[in-house]
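Colleague: Input upload_30.txt, format and content: compact mmCIF, C-alpha atoms.
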```txt
# COMPACT_ATOMS: atom_id res chain seq x y z
CA MET A 331 12.64 -34.99 106.39
CA THR A 332 11.14 -34.52 102.95
CA SER A 333 9.52 -36.97 100.60
CA ALA A 334 10.50 -37.54 96.97
CA MET A 335 9.42 -41.11 96.54
CA THR A 336 8.30 -41.22 92.90
CA GLY A 337 11.69 -40.39 91.41
CA LEU A 338 13.49 -42.50 94.00
CA ASP A 339 11.34 -45.52 93.29
CA ARG A 340 12.19 -45.32 89.61
CA ASP A 341 15.92 -44.95 90.28
CA LEU A 342 16.04 -47.82 92.74
CA ARG A 343 13.98 -50.16 90.59
CA THR A 344 16.28 -49.42 87.66
CA ALA A 345 19.36 -50.01 89.83
CA LEU A 346 17.95 -53.31 91.10
CA ASP A 347 16.95 -54.62 87.68
CA GLY A 348 18.77 -57.88 87.08
CA VAL A 349 20.66 -57.95 90.38
CA VAL A 350 17.96 -58.98 92.90
CA GLY A 351 18.29 -62.60 93.94
CA ASP A 352 14.53 -63.22 94.17
CA PRO A 353 12.65 -60.48 92.29
CA ALA A 354 9.30 -62.22 92.76
CA TRP A 355 9.78 -62.15 96.55
CA LEU A 356 10.59 -58.44 96.47
CA SER A 357 7.59 -57.64 94.28
CA GLU A 358 5.29 -59.54 96.63
CA ALA A 359 6.85 -57.88 99.68
CA LEU A 360 6.30 -54.40 98.24
CA ASP A 361 2.68 -55.19 97.44
CA ARG A 362 2.13 -56.70 100.87
CA VAL A 363 3.41 -53.77 102.94
CA SER A 364 1.33 -51.37 100.85
CA THR A 365 -1.81 -53.01 102.24
CA ASP A 366 -0.53 -54.63 105.44
CA PRO A 367 2.16 -52.38 106.96
CA GLY A 368 2.61 -54.69 109.94
CA ALA A 369 4.13 -57.28 107.62
CA VAL A 370 7.29 -55.17 107.31
CA THR A 371 8.45 -56.42 110.72
CA ALA A 372 9.06 -59.88 109.29
CA LEU A 373 9.97 -58.84 105.75
CA PHE A 374 12.59 -56.20 106.56
CA PRO A 375 15.12 -58.60 108.17
CA ALA A 376 14.68 -61.10 105.30
CA VAL A 377 15.74 -58.65 102.58
CA GLY A 378 19.45 -59.50 102.59
CA ARG A 379 18.81 -63.23 102.32
CA LYS A 380 16.12 -62.91 99.65
CA CYS A 381 17.47 -60.04 97.56
CA GLY A 382 21.23 -60.19 98.04
CA ARG A 383 23.86 -58.05 99.72
CA GLY A 384 26.19 -57.20 96.85
CA PRO A 385 27.08 -53.65 95.78
CA LEU A 386 24.93 -51.77 93.33
CA SER A 387 26.53 -50.76 90.07
CA ALA A 388 28.96 -47.88 90.38
CA GLN A 389 27.15 -46.40 87.38
CA CYS A 390 24.02 -45.66 89.45
CA PRO A 391 24.03 -41.88 90.09
CA GLY A 392 23.51 -40.94 93.72
CA LEU A 393 23.81 -44.53 94.93
CA ALA A 394 27.57 -44.84 95.40
CA GLY A 395 28.31 -47.20 98.27
CA TRP A 396 24.79 -48.67 98.27
CA THR A 397 24.11 -52.38 98.32
CA VAL A 398 21.25 -54.40 96.86
CA ASP A 399 19.66 -54.85 100.29
CA ASP A 400 19.96 -51.10 100.99
CA ALA A 401 17.94 -50.30 97.89
CA ALA A 402 15.35 -53.02 98.51
CA ARG A 403 14.84 -51.88 102.10
CA VAL A 404 14.35 -48.27 101.03
CA LEU A 405 11.72 -49.44 98.52
CA LEU A 406 9.97 -51.41 101.28
CA LEU A 407 9.85 -48.37 103.55
CA SER A 408 8.62 -46.14 100.75
CA SER A 409 5.81 -48.61 100.03
CA LEU A 410 4.47 -48.68 103.59
CA SER A 411 0.86 -47.53 103.82
CA LEU A 412 1.66 -45.38 106.84
CA ARG A 413 2.19 -41.64 107.28
CA GLY A 414 3.31 -39.17 109.91
CA ALA A 415 3.63 -40.40 113.49
CA HIS A 416 2.59 -43.97 112.65
CA LEU A 417 5.30 -44.23 110.00
CA ALA A 418 7.86 -42.65 112.34
CA THR A 419 7.06 -45.20 115.06
CA GLU A 420 7.43 -48.14 112.68
CA VAL A 421 10.67 -46.84 111.20
CA ALA A 422 12.16 -46.21 114.66
CA ALA A 423 11.30 -49.78 115.72
CA LEU A 424 12.89 -51.27 112.60
CA TYR A 425 16.05 -49.30 113.34
CA ARG A 426 16.11 -50.05 117.06
CA TYR A 427 15.71 -53.81 116.72
CA GLY A 428 17.58 -54.28 113.44
CA ASP A 429 21.11 -55.44 112.81
CA ALA A 430 23.68 -53.11 111.24
CA ALA A 431 22.47 -53.74 107.67
CA GLU A 432 18.85 -53.08 108.66
CA LYS A 433 19.80 -49.90 110.51
CA ARG A 434 21.71 -48.72 107.45
CA GLY A 435 18.67 -49.39 105.27
CA VAL A 436 16.57 -47.20 107.55
CA LEU A 437 19.17 -44.42 107.47
CA ARG A 438 19.31 -44.59 103.67
CA ALA A 439 15.54 -44.05 103.55
CA LEU A 440 15.11 -41.28 106.13
CA SER A 441 15.46 -38.27 103.85
CA ARG A 442 12.74 -39.69 101.59
CA LEU A 443 10.16 -40.48 104.28
CA ASP A 444 7.43 -38.12 105.41
CA ILE A 445 8.16 -38.25 109.16
CA GLY A 446 9.15 -34.65 109.85
CA GLY A 447 12.12 -34.41 112.20
CA ALA A 448 11.50 -37.78 113.84
CA GLY A 449 14.44 -39.36 112.05
CA LEU A 450 16.98 -37.04 113.64
CA ASP A 451 17.30 -39.19 116.77
CA LEU A 452 18.20 -42.16 114.59
CA VAL A 453 20.87 -40.18 112.75
CA LEU A 454 22.37 -39.04 116.06
CA ASP A 455 22.34 -42.61 117.37
CA ALA A 456 24.19 -43.82 114.28
CA LEU A 457 26.82 -41.10 114.68
CA ARG A 458 27.47 -42.25 118.25
CA THR A 459 28.42 -45.74 117.06
CA ASN A 460 31.82 -46.96 115.94
CA ASP A 461 30.36 -48.81 112.97
CA PRO A 462 31.70 -47.15 109.79
CA ARG A 463 28.70 -48.41 107.80
CA LEU A 464 26.28 -46.54 110.05
CA VAL A 465 28.39 -43.41 110.37
CA ALA A 466 28.70 -43.22 106.59
CA ALA A 467 24.96 -43.68 106.05
CA ALA A 468 24.16 -41.11 108.75
CA LEU A 469 26.13 -38.49 106.85
CA GLY A 470 24.19 -39.05 103.64
CA PRO A 471 21.12 -36.94 102.75
CA CYS A 472 19.57 -37.61 106.17
CA ALA A 473 22.34 -35.44 107.68
CA ARG A 474 20.69 -32.32 106.29
CA ASP A 475 18.70 -31.99 109.52
CA LEU A 476 21.83 -31.95 111.68
CA ASP A 477 22.81 -28.58 113.07
CA ASP A 478 26.16 -27.23 111.93
CA ALA A 479 28.04 -28.20 115.10
CA MET A 480 26.89 -31.82 115.04
CA TRP A 481 27.45 -32.05 111.29
CA ARG A 482 31.06 -30.89 111.71
CA GLN A 483 31.58 -33.49 114.43
CA GLY A 484 30.27 -36.11 112.02
CA VAL A 485 32.73 -35.04 109.35
CA LEU A 486 35.56 -35.15 111.87
CA LYS A 487 34.48 -38.63 112.92
CA CYS A 488 34.75 -39.73 109.30
CA VAL A 489 38.34 -38.46 109.29
CA PHE A 490 39.09 -40.29 112.55
CA MET A 491 37.62 -43.51 111.19
CA GLU A 492 39.14 -43.00 107.74
CA ILE A 493 35.72 -43.13 106.08
CA PRO A 494 35.96 -41.53 102.62
CA LEU A 495 34.56 -38.00 102.73
CA THR A 496 32.70 -38.70 99.51
CA VAL A 497 29.95 -40.16 101.72
CA VAL A 498 29.22 -36.75 103.25
CA ASP A 499 26.19 -35.18 101.61
CA GLY A 500 26.56 -31.48 100.84
CA LEU A 501 30.20 -31.33 101.93
CA ALA A 502 31.15 -28.67 99.38
CA GLU A 503 28.27 -26.43 100.47
CA ARG A 504 28.46 -26.88 104.25
CA ALA A 505 32.22 -27.01 104.87
CA ASP A 506 33.21 -23.72 106.52
CA SER A 507 35.97 -21.95 108.38
CA GLU A 508 35.05 -23.63 111.66
CA LEU A 509 35.43 -27.07 110.06
CA ALA A 510 38.77 -25.89 108.66
CA ARG A 511 39.87 -24.89 112.18
CA MET A 512 38.88 -28.29 113.54
CA LEU A 513 40.65 -30.14 110.73
CA ALA A 514 43.78 -28.04 111.22
CA GLY A 515 43.79 -28.89 114.92
CA LEU A 516 43.46 -32.59 114.18
CA ALA A 517 46.21 -32.38 111.56
CA ALA A 518 48.54 -30.75 114.09
CA GLU A 519 47.78 -33.45 116.67
CA ARG A 520 48.47 -36.20 114.17
CA GLN A 521 51.68 -34.62 112.97
CA ALA A 522 52.92 -34.37 116.55
CA ALA A 523 52.13 -38.05 117.02
CA GLY A 524 53.86 -39.02 113.77
CA ARG A 525 50.59 -39.97 112.10
CA HIS A 526 49.14 -38.87 108.78
CA MET A 527 45.78 -37.37 107.86
CA PRO A 528 43.74 -39.13 105.15
CA ALA A 529 44.42 -37.65 101.73
CA ASP A 530 40.84 -36.45 101.21
CA ALA A 531 40.91 -34.60 104.56
CA VAL A 532 44.20 -32.93 103.60
CA ALA A 533 42.67 -31.87 100.28
CA LEU A 534 39.55 -30.50 102.00
CA LEU A 535 41.63 -28.52 104.49
CA ALA A 536 43.76 -27.12 101.68
CA ARG A 537 40.65 -26.05 99.78
CA LEU A 538 39.06 -24.43 102.81
CA THR A 539 42.18 -22.53 103.84
CA SER A 540 42.76 -21.44 100.25
CA THR A 541 39.21 -20.11 100.08
CA GLU A 542 39.70 -18.19 103.34
CA ALA A 543 42.69 -16.41 101.84
CA TYR A 544 40.49 -14.51 99.38
```
Could I get this file's structure written as structure tokens?
Modeller:
Amino acid sequence: MTSAMTGLDRDLRTALDGVVGDPAWLSEALDRVSTDPGAVTALFPAVGRKCGRGPLSAQCPGLAGWTVDDAARVLLLSSLSLRGAHLATEVAALYRYGDAAEKRGVLRALSRLDIGGAGLDLVLDALRTNDPRLVAAALGPCARDLDDAMWRQGVLKCVFMEIPLTVVDGLAERADSELARMLAGLAAERQAAGRHMPADAVALLARLTSTEAY
């Protein structure tokens, strides 16, 4: 996983301006974890209550589907004074013992944290759940470390769960003929059972099969 914290911090702070329930609490929390990383254990679960859980503005580029607590939690993780294996251990613990909102916050942050490939196990865990919030977050930028086979399975799971395919990072670039074959098989199964495919999956299949024709 790569780090790009400076630009992200600016974007998230801008997105949170005026919508955080207790901005003083968030400012103090960010300062505290920058010098006392162990404090994040108590602060991370309190984010929703202190900052709010509402959606971020739809006008925030790259943050579609994010909530206020998502953004605040990503800022907390980016402010931790930890690196490498120590950061990976802390992040894994926050995910493991967190509720669904806390897990989603971790997933949102993974692609921006300097923990190498240590976040991949968390992404795979999220994809094994039946929680659409976690599946959607796991197919964001942190899905870039998934191999092609697992990534395709994640896309198919979105179709099964009727999660909008707009959540899938890099869909236009990674969708291939094998994904088209899998989608066609699912479409045939659903047709035989008298069920419909989601409109965005139908559109993706049409695009992929049209591309194959040339």
Colleague: Please provide as number ranges by chain all residues within 10 Å of Arg434 in chain A, with the sequence filter that same-chain residues fewer than 2 positions apart are discarded (counting all atoms listed in the file).
Modeller: A: 396, 399-400, 403-404, 425, 428-432, 436-439, 456, 463-468
Colleague: Looking at only C-alpha atoms, which of A:Asp366, A:Gly351, A:Asp477, A:Gly395 is the one that sits closest to Arg379 in chain A?
Modeller: A:Gly351
Colleague: Quick one, how far is CA of Asp341 in chain A from CA of Thr459 in chain A?
Modeller: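 Distance between the two atoms: 29.6 Å.
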Colleague: Quick check, in Å to one decimal: how far apart do CA of Ser409 in chain A and CA of Ser364 in chain A lie?
Modeller: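 Spanning CA of Ser409 in chain A to CA of Ser364 in chain A is a straight-line distance of 5.3 Å.
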Colleague: With a distance cut-off of 8 Å and only C-alpha atoms, select the neighbouring residues of range 498-512 of chain A, excluding the residue or stretch itself and same-chain residues fewer than 3 positions from it, and output the selection as JSON, numbers by chain.
Modeller: {"A": [466, 469, 470, 471, 473, 474, 482, 485, 486, 495, 515, 516, 535, 538, 539, 542]}
